[in-house]
Amino acid sequence: TGGATPAPSVAASAAATAPSSAPSAAPSVAPSIDPNSLLGKIVAAGKIRISTDPNYKPFSFQNPDGTYDGFDNATAVEAVKRLGTAVGKPIQIEWMTPSWDLITAGGWSGRWDISIGSMSVTIGRAKVVDFVDPYYYDSGAVAVPKDSTVQSLSELNGGKTFCVGAATTYEQWLTGTLEIVDPDKLPAPTDPQVTSLPTDNECVQAVQSGRKFDAIVANANGLADQVKDGLPIRVLSGPPIFTVSVAFALDKSGPDDKSLIEVLNGIVNDMHSDGTLTTLSNKYLQKDVTMKPGG
Amino acid sequence: MNGQGIVHEIHPVELPGPLVPAGAEPIVRATKIEKYFGRNHVLRGCSMTVYPRETITILGRSGSGKSTFLRCLNFLEEPSAGRVEIDDTAVEARPLGDRPRAERERIRKLRTDAGMVFQEFNLFPHLSVIGNLVEAPVHVKHVARPAATELAESYLEKVGLIDKRNEYPSRLSGGQRQRVAIARALTMEPKVLLFDEPTSALDPSLVGEVLKVMESLAHEGRTMIVVTHEMQFAREAADRIYYMHEGQFVEIGPHTQVIDDPQDPRTREFLARFLGPSRSRQAAATPQDEAVAPPPAVGPGPV
Amino acid sequence: MNGQGIVHEIHPVELPGPLVPAGAEPIVRATKIEKYFGRNHVLRGCSMTVYPRETITILGRSGSGKSTFLRCLNFLEEPSAGRVEIDDTAVEARPLGDRPRAERERIRKLRTDAGMVFQEFNLFPHLSVIGNLVEAPVHVKHVARPAATELAESYLEKVGLIDKRNEYPSRLSGGQRQRVAIARALTMEPKVLLFDEPTSALDPSLVGEVLKVMESLAHEGRTMIVVTHEMQFAREAADRIYYMHEGQFVEIGPHTQVIDDPQDPRTREFLARFLGPSRSRQAAATPQDEAVAPPPAVGPGPV
Amino acid sequence: MTSLAGPVNQVLGEQILAGERSRSRRWRVQFMLAWLVIVAALVAFVLITINLDTQFIAKWLPFILTGVPVTIFVSFASITLAVILAVLGALGRLSVNPYVNGLASFYVSFFRGTPLLLQIVFIYFALPQMGLVLPEIPTGIIALGFNYGAYMTEVFRSGIQAVPHGQTEAALSLGMSGGTTFRRIIVPQAFRIVTPAIGNDFIAMLKDSSLVSVISVHELLYQAQVAGRPNHKSMQTLLIAAMVYWILTIAFSFFQARLERRQAVGDRSRRPGSG
Amino acid sequence: MTSLAGPVNQVLGEQILAGERSRSRRWRVQFMLAWLVIVAALVAFVLITINLDTQFIAKWLPFILTGVPVTIFVSFASITLAVILAVLGALGRLSVNPYVNGLASFYVSFFRGTPLLLQIVFIYFALPQMGLVLPEIPTGIIALGFNYGAYMTEVFRSGIQAVPHGQTEAALSLGMSGGTTFRRIIVPQAFRIVTPAIGNDFIAMLKDSSLVSVISVHELLYQAQVAGRPNHKSMQTLLIAAMVYWILTIAFSFFQARLERRQAVGDRSRRPGSG
Ligand SMILES: Nc1ncnc2c1ncn2[C@@H]1O[C@H](COP(=O)(O)OP(=O)(O)OP(=O)(O)O)[C@@H](O)[C@H]1O
Ligand SMILES: Nc1ncnc2c1ncn2[C@@H]1O[C@H](COP(=O)(O)OP(=O)(O)OP(=O)(O)O)[C@@H](O)[C@H]1O
Ligand SMILES: [Mg+2]
Ligand SMILES: [Mg+2]
């Protein structure tokens, strides 16, 4: 994977003001934007409403001063800046924070324009939202309580108890409803007893408070972050349970989003190729997650 | 219903009282009032003729229909049949409602002409005494508030409560409340006053003050219809008494007839029962007591 | 407080009534009862001596402290000072509470000996008539339920309500309720019955039935203390009358004295006021009426 | 003398009764019509905007309905716990003992003063720290029970206080002890007074029990979400859940109204105004 | 004759008063002591089990508290909307018009029959489909207002019905029209009757307003979660939120109690039992 890119530390806010030294291969948008398309509406308003879930450190969180921060948010800020350049008009960001269930369910009724919030690309979701090209690749991992004797995934077969965040791909993986385009996913433990709490943070907290779960399934980076913070869990070693593309998502039932997707595809690809995403990944995750594993 | 055919006939025994000028026209004509509560036939063709300046008392057992009759007079209860005419405003029963607007207005006129005083006072607790009195003149008759206040004060004076003008009803005694209720009815300057057992809810020691006000009203020649159990009031203040039995007036006449010498067996039985076994002895007991106690009894009266 | 020093002195005017056998010991001794409500000094050293088989009536203006005195007798109201002794059970005032268990038991004994009948009946609405009567014998005296029921039925019979034994209080008239309340008190076979205006909450036409029961109790020689406004009852049934004025008994004696020939100016004023301007004329009015009506009036009584 | 009373009209009463009956029948029909129209409009709106997938619904409905018994069980168990706590709480709030009273008043203040959602989460995390690792359903029941218990404490207290003081006086004057008076005279009457409130609280509980879905209790709302999410038909499944809640509420309200009417029969006085 | 009355003991009353005062003072002190002990025990429990990070709290407290004005604003606005809807609803429920009555009864049944959380989500997504794209806060206010309005409709209705019928009769018999009677006689009395209920509903609303966090309204609970979760200190931030809710509730309860006492002064009758 591409750890070779130089990693200049760029804060999310700084990223917004950083000169886009990268070659802008984004298609210069035609002056004829359909005013009824999503892009047209955004340009007309000069504002884009981005949904994010600031309960998802290090991808998305808030600072004590209320500013939004994290890998997702920094990416969004940079992408919107480039969008502004492409349409020749600066675009403001309005952050929206509906609960995660509401974002993943689709049918946003125009409440917000786009989700830039670590949404994994699944076949099910693709039925209700349109995805932009992936901006990073996520992998799931299994953690066990620190004092657990479990060492490998196979030991969790047969009616063990699991805790996951509600409405996540990890819950879907456990319940056997996860359908992703990427083929390499490990088989889930058999007959899992699943407890789904609002986020995986609650799972860790539950373990901390003395509730007994055999394992927690969550985002590998998030779990790593929690281990770093000294929480009483241990991540099982071994290959990720699955890896999945993560992308910006737009509501399928909303206004025509083809032109916007086209522009955003260009922008995301540029941000890949000019190293911006890698830089941000290194900053927030201390590793590069923007390259397709094995790709 | 078939109201067109209703003609008010004055029954021979309905002779006007002594205060009524000869040849005066009746001010209240209630004609063949019927009232059903479901299948319960509570009023059975009650008619009443009242002349100006008369005080009428309705007597009768509990449940005989006295209150219902009084409430039919100002359509607080919708009669099942019959007609009420008060001072040229006539309204006929429409037991199934749906009155045209003009008729609803006539009912309001009729109610304005017939001031009612309830057993339970029914003062407006959120208004001061003076507020209770001026509310209706201001909002019904559209009298200017200062004029209404002046009028109200004159009636408060009459019932002896001018010093309570700014009190709230909750801070008055029962007797005072009832006097305010009377003043409230008077402030609308009604043609006839209706009283439904105005002293029954009062402590025995507070009854007197209200009866005094009512007697003074009777003596100054106001037209009043009074349902009461106060035999003494009926005897002293009523020009005529209507005795009701199971929804019918079975005896009508002055107290010298209805109370002191009832003709109808039901009236006679009522007076016996009503006064109760101990009270009925009252009249007879006094002489006996006098016989026992050596000095001639001065009676319970003041000196 | 300083209860040790309380000695019950029988005031010279507290002569036992005519039914009391000579030399009988008093059954109720209330000694120097004081009662404060905050700074309001409601009872000011009230003493009362009651002999077995006596009927005592307490008269007095509204607010003079009659109910408070009665309620102090069975400690529904804690006296501020004084002592109550009923049939050898003596309890002294402890205005600040904290009685030892034994004394609380004595109060219960005292209450069991003094049956109380309230103005508002206070029947237990969730129990049938018979349930109301047997509840206390079963749970206080631990009488077996069948025995209690038998006793209860005998008293229901006495008040003429045996046919209502399984009714619920809500389905009785006021007069019936009060008679049940009397039967309930009787079923505990108390030494003395306390009545606090037992007829004030009743419709005038229902007063008679309750007074009748009370009179029969008086005549069969039960000890009773009755607060009432029914002058007629006081006159006919009371052996002695205590007249209370501003928390003190200011006149004590038989009705021939207290009602018919009051000595104390306050008693005299009360009787005048209480009977009210119209009622005070009653005694005087009857002869006048007789003069007007040619045939000698048979009065309101039945034939 | 001529009769004072005219002939009695016997037919009139029946005529009026018939007229009143037909009027009230017409009224009820129109009332129901109004409901029908509104429900139809709502259904139309939903069909237009949500694009119901009937096949999907038919497939998942049984799964969603498995949440109903859980919802009802949790509600029943919670209301039972709440009643017990409320009786204790009300006794405490009426106690003359300052410490008992203080404890009860603290309980009421605390559980009424903070959001139920927080209480559920707290209790979920706090119980294990006190060494009590209960499964999710009992945990949810405890949280709901404590919360509603606090509200109902006040209901019970006011129910006890609503029993007229004359009842206590009558019982005491018959020689009953304070305890006997309370148990035999006050409590039975207070219970009658508070039954409607308990019914209402149960109906409210039916819906608030949906909050325990956050701690993974598989009740109605949870099941609806689980069915909807992976298939991205959340709006449809939630709508179904809403309908089920509504039907449950209507059913229980109906049941409650009948119960109250039945209770009231004994209470109604034969003659209004007689005491 | 000898005086029937003995000497009047003037000191006794003052002695008793002083005794009663000192007793009630002692009681209050003990009561507060009980609270203090319980609060101390709670704090100790929290400190032991949660391991409060004071530095973290100090850093995030301002962030969390930014939710307080939102919570208060949303609650106030919602209760205002609810009162308006409840007045209309109560009028509808009392209307003799079967259609109006049907509409009002549907409104009450529907909004009381389904969970508030679902209503918030539905209204959030349904309004834009009806062409009404309101921001989140107004949307939340509408959802809360409609829900509480349904509950309060019944409160208002029973408040209006609690005004004794004699009041209506007195007004009508003075010649007032139905409208004047309602406006000038019934409504002022009904409002007094329902004020305590409105106060209680406002306090309940303070806490239920936390549910609008799901539609991106940054009120107190939301802020607490956002501060806590990513830093793995949810318990601490939620605890802070709970404290703030509790303090708000106590403050408003206090305010409400004072208001009610003030209102009650005029109502209290001088002599109990006289009518
Ligand atoms: N609103 C009502 N609905 C049904 N029945 C009623 C109603 N009002 C009165 N009645 C019945 O009508 C009859 C007459 O009642 P009404 O109140 O007129 O008697 P009353 O003569 O005034 O008695 P009282 O002296 O007790 O006041 C009674 O049988 C009563 O039960
Ligand atoms: N619980 C109480 N708290 C304070 N004051 C009271 C209380 N009960 C009675 N009082 C006052 O004590 C005085 C005497 O009241 P009480 O009820 O004994 O009078 P009463 O003679 O029975 O009058 P009535 O004939 O009206 O029943 C009154 O001034 C009354 O206001
Ligand atoms: Mg009547
Ligand atoms: Mg009294």
# chains A, B, ... in the order shown; residues from 1 in each chain; ligands from 1
call {"tool": "residues_near_ligand", "arguments": {"ligand": "ligand 2", "cutoff": "10 Å", "atoms": "only C-alpha atoms and all ligand atoms", "output": "MDAnalysis selection string"}}
result
(chainID B and resid 203:205) or (chainID C and resid 35:43 58:72 77 119 196:197 200 227:229 244:247) or (chainID E and resid 270:274)
call {"tool": "calpha_fit_rmsd", "arguments": {"fixed": "chain D", "moving": "chain E"}}
result
0.3 Å
call {"tool": "residues_around", "arguments": {"residues": "Arg53 (chain B)", "least_positions_apart": "6", "cutoff": "7 Å", "atoms": "only C-alpha atoms", "output": "PyMOL selection string"}}
result
chain B and resi 19-20+221-223
call {"tool": "interface_residues", "arguments": {"of": "chain B", "to": "chain E", "cutoff": "8 Å", "atoms": "only C-alpha atoms", "output": "NGL selection string"}}
result
:B and (74 or 76 or 108-112 or 114-116 or 118 or 120 or 122-126 or 136 or 139-140 or 168 or 170-174 or 185 or 188 or 201-203)
call {"tool": "write_last_selection", "arguments": {"atoms": "N, CA, C and O atoms", "output": "compact mmCIF listing (two decimals), in the first residue's frame"}}
result
# COMPACT_ATOMS: atom_id res chain seq x y z
N ASN B 74 -86.94 29.80 31.35
CA ASN B 74 -85.96 30.57 30.57
C ASN B 74 -85.10 29.66 29.69
O ASN B 74 -84.00 30.02 29.31
N LEU B 76 -83.32 27.15 30.03
CA LEU B 76 -82.10 26.45 30.43
C LEU B 76 -82.34 24.96 30.21
O LEU B 76 -81.42 24.18 29.97
N ARG B 108 -82.60 34.61 23.99
CA ARG B 108 -81.70 35.47 24.77
C ARG B 108 -82.46 36.65 25.37
O ARG B 108 -82.22 37.05 26.51
N LYS B 109 -83.37 37.20 24.58
CA LYS B 109 -84.20 38.31 25.08
C LYS B 109 -85.01 37.86 26.29
O LYS B 109 -85.06 38.54 27.34
N LEU B 110 -85.59 36.68 26.14
CA LEU B 110 -86.41 36.12 27.21
C LEU B 110 -85.58 35.90 28.48
O LEU B 110 -86.01 36.18 29.60
N ARG B 111 -84.36 35.43 28.28
CA ARG B 111 -83.49 35.20 29.44
C ARG B 111 -83.09 36.52 30.09
O ARG B 111 -82.92 36.60 31.31
N THR B 112 -82.90 37.54 29.25
CA THR B 112 -82.55 38.84 29.80
C THR B 112 -83.72 39.39 30.62
O THR B 112 -83.51 40.06 31.63
N ALA B 114 -85.79 37.53 32.30
CA ALA B 114 -86.04 36.68 33.46
C ALA B 114 -84.74 36.42 34.20
O ALA B 114 -83.94 35.58 33.80
N GLY B 115 -84.51 37.17 35.25
CA GLY B 115 -83.27 36.99 36.00
C GLY B 115 -83.38 35.79 36.92
O GLY B 115 -84.39 35.61 37.58
N MET B 116 -82.33 34.95 36.92
CA MET B 116 -82.44 33.71 37.70
C MET B 116 -81.42 33.71 38.83
O MET B 116 -80.28 34.13 38.66
N PHE B 118 -79.74 31.03 41.52
CA PHE B 118 -79.63 29.59 41.69
C PHE B 118 -79.39 29.20 43.14
O PHE B 118 -78.87 30.00 43.93
N GLU B 120 -77.11 27.22 44.07
CA GLU B 120 -75.66 27.18 44.29
C GLU B 120 -74.98 28.49 43.95
O GLU B 120 -73.78 28.51 43.66
N ASN B 122 -73.65 30.22 41.92
CA ASN B 122 -73.03 30.30 40.59
C ASN B 122 -72.45 31.67 40.28
O ASN B 122 -72.58 32.18 39.18
N LEU B 123 -71.80 32.26 41.28
CA LEU B 123 -71.06 33.48 40.97
C LEU B 123 -69.84 33.12 40.13
O LEU B 123 -69.37 31.99 40.16
N PHE B 124 -69.35 34.11 39.38
CA PHE B 124 -68.16 33.87 38.56
C PHE B 124 -66.93 34.06 39.43
O PHE B 124 -66.64 35.19 39.85
N PRO B 125 -66.21 32.98 39.73
CA PRO B 125 -65.14 33.09 40.72
C PRO B 125 -63.96 33.93 40.26
O PRO B 125 -63.18 34.39 41.08
N HIS B 126 -63.82 34.10 38.95
CA HIS B 126 -62.65 34.83 38.46
C HIS B 126 -62.90 36.33 38.39
O HIS B 126 -62.02 37.08 38.00
N ALA B 136 -72.58 41.12 32.55
CA ALA B 136 -73.70 40.94 31.62
C ALA B 136 -74.20 42.26 31.01
O ALA B 136 -74.35 42.34 29.79
N HIS B 139 -71.66 43.16 28.31
CA HIS B 139 -71.51 42.28 27.15
C HIS B 139 -72.82 41.82 26.53
O HIS B 139 -72.83 41.27 25.45
N VAL B 140 -73.91 42.04 27.23
CA VAL B 140 -75.19 41.64 26.64
C VAL B 140 -75.99 42.86 26.20
O VAL B 140 -76.43 42.94 25.06
N TYR B 168 -63.45 39.09 46.08
CA TYR B 168 -63.75 37.98 45.19
C TYR B 168 -64.76 37.06 45.88
O TYR B 168 -64.76 36.96 47.11
N SER B 170 -64.93 34.03 46.46
CA SER B 170 -64.43 33.00 47.37
C SER B 170 -64.24 33.54 48.77
O SER B 170 -64.14 32.78 49.72
N ARG B 171 -64.18 34.86 48.91
CA ARG B 171 -63.94 35.42 50.23
C ARG B 171 -65.23 35.88 50.89
O ARG B 171 -65.19 36.61 51.88
N LEU B 172 -66.35 35.49 50.35
CA LEU B 172 -67.63 35.88 50.94
C LEU B 172 -68.28 34.67 51.61
O LEU B 172 -68.03 33.53 51.24
N SER B 173 -69.13 34.95 52.57
CA SER B 173 -69.90 33.88 53.19
C SER B 173 -71.02 33.47 52.23
O SER B 173 -71.34 34.18 51.28
N GLY B 174 -71.63 32.33 52.50
CA GLY B 174 -72.71 31.84 51.63
C GLY B 174 -73.83 32.86 51.49
O GLY B 174 -74.32 33.12 50.39
N ALA B 185 -78.51 39.49 39.31
CA ALA B 185 -79.72 39.34 38.51
C ALA B 185 -80.43 40.69 38.38
O ALA B 185 -80.89 41.06 37.30
N MET B 188 -79.40 43.39 35.73
CA MET B 188 -79.90 43.26 34.36
C MET B 188 -81.31 43.83 34.24
O MET B 188 -81.91 43.79 33.17
N ALA B 201 -78.74 25.96 50.08
CA ALA B 201 -77.33 25.62 50.22
C ALA B 201 -76.68 26.40 51.35
O ALA B 201 -75.47 26.34 51.53
N LEU B 202 -77.47 27.13 52.10
CA LEU B 202 -76.89 28.00 53.12
C LEU B 202 -76.92 27.34 54.49
O LEU B 202 -77.83 26.58 54.82
N ASP B 203 -75.93 27.67 55.27
CA ASP B 203 -75.92 27.37 56.68
C ASP B 203 -77.20 27.93 57.30
O ASP B 203 -77.59 29.04 56.95
call {"tool": "interface_residues", "arguments": {"of": "chain A", "to": "chain E", "cutoff": "9 Å", "atoms": "only C-alpha atoms", "output": "PyMOL selection string"}}
result
chain A and resi 54-58+60-66+96-100+102+107-111+199+201-202+204-205+209+226+229+231
call {"tool": "atom_distance", "arguments": {"atom1": "CA of Arg49 (chain A)", "atom2": "CA of Glu94 (chain A)"}}
result
4.6 Å
call {"tool": "interface_residues", "arguments": {"of": "chain E", "to": "chain D", "cutoff": "6 Å", "atoms": "only C-alpha atoms", "output": "number ranges by chain"}}
result
E: 27, 30-31, 34-35, 98-99, 102, 113-115, 207, 242, 245-246, 249
call {"tool": "select_by_dssp", "arguments": {"residues": "region 152-247 of chain C", "states": "helix (DSSP H, G or I)", "output": "number ranges by chain"}}
result
C: 152-158, 162-164, 169-171, 174-187, 204-219, 231-237
call {"tool": "write_last_selection", "arguments": {"atoms": "N, CA and C atoms", "output": "compact mmCIF listing (two decimals), in the first residue's frame"}}
result
# COMPACT_ATOMS: atom_id res chain seq x y z
N ALA C 152 -74.84 -5.59 63.52
CA ALA C 152 -75.04 -4.50 62.57
C ALA C 152 -76.47 -4.51 62.04
N GLU C 153 -76.97 -5.70 61.75
CA GLU C 153 -78.32 -5.77 61.21
C GLU C 153 -79.36 -5.30 62.22
N SER C 154 -79.10 -5.59 63.47
CA SER C 154 -80.08 -5.14 64.47
C SER C 154 -80.13 -3.61 64.49
N TYR C 155 -78.97 -2.98 64.35
CA TYR C 155 -78.99 -1.51 64.36
C TYR C 155 -79.54 -0.94 63.06
N LEU C 156 -79.28 -1.65 61.94
CA LEU C 156 -79.87 -1.20 60.67
C LEU C 156 -81.39 -1.22 60.79
N GLU C 157 -81.86 -2.24 61.44
CA GLU C 157 -83.30 -2.37 61.65
C GLU C 157 -83.80 -1.16 62.44
N LYS C 158 -83.06 -0.83 63.48
CA LYS C 158 -83.46 0.28 64.34
C LYS C 158 -83.60 1.58 63.55
N ILE C 162 -82.90 -1.81 57.05
CA ILE C 162 -82.43 -3.19 56.89
C ILE C 162 -82.52 -3.63 55.44
N ASP C 163 -83.48 -3.07 54.70
CA ASP C 163 -83.60 -3.47 53.29
C ASP C 163 -82.49 -2.89 52.42
N LYS C 164 -81.71 -1.96 52.96
CA LYS C 164 -80.61 -1.38 52.17
C LYS C 164 -79.27 -2.01 52.53
N PRO C 169 -73.30 3.25 49.55
CA PRO C 169 -73.73 4.57 50.04
C PRO C 169 -74.12 5.52 48.92
N SER C 170 -73.43 5.44 47.77
CA SER C 170 -73.72 6.40 46.71
C SER C 170 -75.15 6.28 46.20
N ARG C 171 -75.79 5.16 46.49
CA ARG C 171 -77.14 4.97 45.99
C ARG C 171 -78.20 5.27 47.05
N GLY C 174 -79.53 11.43 51.14
CA GLY C 174 -78.79 12.01 52.25
C GLY C 174 -79.31 11.54 53.59
N GLY C 175 -80.61 11.53 53.74
CA GLY C 175 -81.18 11.12 55.03
C GLY C 175 -80.85 9.67 55.34
N GLN C 176 -80.91 8.83 54.30
CA GLN C 176 -80.56 7.43 54.51
C GLN C 176 -79.09 7.28 54.87
N ARG C 177 -78.25 8.07 54.21
CA ARG C 177 -76.83 7.99 54.51
C ARG C 177 -76.57 8.33 55.97
N GLN C 178 -77.21 9.41 56.41
CA GLN C 178 -76.96 9.82 57.77
C GLN C 178 -77.46 8.75 58.75
N ARG C 179 -78.57 8.10 58.41
CA ARG C 179 -79.05 7.05 59.31
C ARG C 179 -78.08 5.87 59.32
N VAL C 180 -77.49 5.56 58.16
CA VAL C 180 -76.46 4.52 58.15
C VAL C 180 -75.28 4.94 59.03
N ALA C 181 -74.91 6.22 58.93
CA ALA C 181 -73.79 6.69 59.74
C ALA C 181 -74.10 6.53 61.22
N ILE C 182 -75.35 6.78 61.58
CA ILE C 182 -75.73 6.61 62.99
C ILE C 182 -75.64 5.13 63.37
N ALA C 183 -76.15 4.28 62.50
CA ALA C 183 -76.08 2.85 62.78
C ALA C 183 -74.64 2.39 62.87
N ARG C 184 -73.79 2.96 62.04
CA ARG C 184 -72.38 2.57 62.08
C ARG C 184 -71.77 2.91 63.44
N ALA C 185 -72.10 4.11 63.92
CA ALA C 185 -71.58 4.49 65.24
C ALA C 185 -72.16 3.58 66.31
N LEU C 186 -73.45 3.26 66.19
CA LEU C 186 -74.08 2.43 67.22
C LEU C 186 -73.50 1.02 67.26
N THR C 187 -73.12 0.51 66.11
CA THR C 187 -72.62 -0.87 66.04
C THR C 187 -71.36 -1.05 66.88
N PRO C 204 -83.87 20.03 53.14
CA PRO C 204 -84.85 20.26 54.22
C PRO C 204 -85.86 19.13 54.35
N SER C 205 -86.24 18.54 53.21
CA SER C 205 -87.29 17.52 53.31
C SER C 205 -86.76 16.20 53.87
N LEU C 206 -85.44 16.08 54.05
CA LEU C 206 -84.88 14.83 54.54
C LEU C 206 -84.45 14.94 56.00
N VAL C 207 -84.55 16.16 56.55
CA VAL C 207 -84.08 16.37 57.91
C VAL C 207 -84.90 15.54 58.89
N GLY C 208 -86.21 15.51 58.65
CA GLY C 208 -87.12 14.87 59.60
C GLY C 208 -86.73 13.45 59.95
N GLU C 209 -86.42 12.63 58.93
CA GLU C 209 -86.16 11.21 59.20
C GLU C 209 -84.97 11.02 60.12
N VAL C 210 -83.97 11.90 59.98
CA VAL C 210 -82.78 11.76 60.82
C VAL C 210 -83.09 12.23 62.24
N LEU C 211 -83.80 13.35 62.32
CA LEU C 211 -84.15 13.84 63.66
C LEU C 211 -84.98 12.81 64.41
N LYS C 212 -85.82 12.11 63.66
CA LYS C 212 -86.68 11.11 64.31
C LYS C 212 -85.82 10.03 64.96
N VAL C 213 -84.84 9.55 64.19
CA VAL C 213 -83.95 8.52 64.74
C VAL C 213 -83.22 9.05 65.97
N MET C 214 -82.76 10.29 65.86
CA MET C 214 -82.01 10.85 66.99
C MET C 214 -82.90 11.00 68.21
N GLU C 215 -84.13 11.42 67.97
CA GLU C 215 -85.02 11.57 69.12
C GLU C 215 -85.30 10.23 69.78
N SER C 216 -85.46 9.20 68.95
CA SER C 216 -85.73 7.89 69.54
C SER C 216 -84.52 7.44 70.36
N LEU C 217 -83.32 7.76 69.88
CA LEU C 217 -82.13 7.41 70.66
C LEU C 217 -82.14 8.14 71.99
N ALA C 218 -82.50 9.43 71.92
CA ALA C 218 -82.53 10.22 73.14
C ALA C 218 -83.54 9.63 74.12
N HIS C 219 -84.68 9.25 73.59
CA HIS C 219 -85.73 8.76 74.49
C HIS C 219 -85.43 7.40 75.06
N MET C 231 -83.33 24.07 66.55
CA MET C 231 -83.85 24.56 67.82
C MET C 231 -84.90 23.60 68.38
N GLN C 232 -85.70 23.06 67.46
CA GLN C 232 -86.80 22.22 67.88
C GLN C 232 -86.29 20.94 68.55
N PHE C 233 -85.21 20.41 67.98
CA PHE C 233 -84.61 19.21 68.57
C PHE C 233 -84.09 19.54 69.97
N ALA C 234 -83.40 20.69 70.04
CA ALA C 234 -82.84 21.09 71.33
C ALA C 234 -83.95 21.21 72.36
N ARG C 235 -85.02 21.78 71.91
CA ARG C 235 -86.13 22.01 72.83
C ARG C 235 -86.78 20.70 73.28
N GLU C 236 -86.93 19.78 72.35
CA GLU C 236 -87.68 18.57 72.68
C GLU C 236 -86.85 17.46 73.27
N ALA C 237 -85.59 17.33 72.77
CA ALA C 237 -84.85 16.13 73.15
C ALA C 237 -83.74 16.39 74.17
